[in-house]
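Worksheet for the structure shown next.
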Amino acid sequence: MVAGLLAERLRADTDWSRRWECELDAVWTSPDEPERLQLVLIHPDLRAEREGDRPWLQLGVTLDVGHGDPEAEAERLAARLTAGDRQEMAEVWGRSRHHSEDFP
């Protein structure tokens, strides 16, 4: 539930995606680790990955989910992400074969 609520908030926040230069691809929690939330982002956007004509990076962010109210927890996580910096919070999980080793 928190994953879906967080995805809605992040997709609605165009300032965040523009500042991070990413597009949200997926958000989920695993049944084996419900206390950990995974975000998948594509830099610069999903079209670059799907069309394959531009370099792209797949970035991942792992966040700890609390046990509180799902709405409040999604709000807390969204605030943390929107206040954070992509290069400090995200890891490179994949890349186009044309992309350099440098993290933009």
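Residues are named by chain letter and number: chains run A, B, ... in the order of the structure tokens, numbers start at 1 in each chain, and ligands are numbered from 1 in the order shown.
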When you look at Ala7 in chain A with a cut-off of 12 Å (counting only C-alpha atoms), what residues show up, excluding the ones that are within fewer than 6 positions of it in the same chain? I need them as a list in words.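 That gives Met1, Asp13, Ser17, Glu23, Leu24, Asp25, Ala26, Val27, Trp28, Thr29, Leu37, Gln38, Leu39, Val40, Leu41, Glu71, Ala74, Glu75, Leu77, Ala78 and Leu81 of chain A.
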Per DSSP on the backbone, filter chain A down to the residues in strand (DSSP E) and report them as number ranges by chain. A: 23-30, 33-43, 57-64, 91-95
From a DSSP calculation on the backbone, collect every residue of range 47-95 of chain A in helix (DSSP H, G or I) and output the set as a VMD selection string. chain A and resid 47 to 51 70 to 83 86 to 89
Could you name the residues that touch Arg54 in chain A at 12 Å or less, counting only C-alpha atoms, but leaving out those on the same chain fewer than 3 positions away, as number ranges by chain? A: 42-51, 57, 95-100
How would the residues just picked look written out with C-alpha atoms as a PDB file, in the first residue's frame?
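See selection_30.pdb below for the written result:
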```pdb
ATOM      1  CA  ILE A  42      15.301   5.898 -15.408  1.00  0.00           C
ATOM      2  CA  HIS A  43      17.675   8.758 -16.204  1.00  0.00           C
ATOM      3  CA  PRO A  44      16.913  10.824 -18.198  1.00  0.00           C
ATOM      4  CA  ASP A  45      13.466   9.301 -18.925  1.00  0.00           C
ATOM      5  CA  LEU A  46      11.625   6.104 -19.862  1.00  0.00           C
ATOM      6  CA  ARG A  47      11.596   6.948 -23.573  1.00  0.00           C
ATOM      7  CA  ALA A  48      15.386   6.764 -23.656  1.00  0.00           C
ATOM      8  CA  GLU A  49      15.230   3.200 -22.348  1.00  0.00           C
ATOM      9  CA  ARG A  50      12.285   2.048 -24.476  1.00  0.00           C
ATOM     10  CA  GLU A  51      13.356   3.613 -27.745  1.00  0.00           C
ATOM     11  CA  LEU A  57      20.757   4.713 -16.634  1.00  0.00           C
ATOM     12  CA  ARG A  95      22.597   1.131 -18.096  1.00  0.00           C
ATOM     13  CA  SER A  96      22.315   1.219 -21.847  1.00  0.00           C
ATOM     14  CA  ARG A  97      25.277  -0.349 -23.551  1.00  0.00           C
ATOM     15  CA  HIS A  98      26.008   3.037 -25.127  1.00  0.00           C
ATOM     16  CA  HIS A  99      26.272   4.856 -21.816  1.00  0.00           C
ATOM     17  CA  SER A 100      29.609   5.879 -20.394  1.00  0.00           C
TER      18      SER A 100
END
```
Near range 84-86 of chain A, counting only C-alpha atoms, which residues have an atom at most 10 Å away, once you skip same-chain residues fewer than 6 positions from it, shown as a PyMOL selection string? chain A and resi 16-17+19-22+59-61+78+104
What does the distance between CA of Ala3 in chain A and CA of Thr82 in chain A come to in Å, to one decimal place?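 CA of Ala3 in chain A sits 15.5 Å away from CA of Thr82 in chain A.
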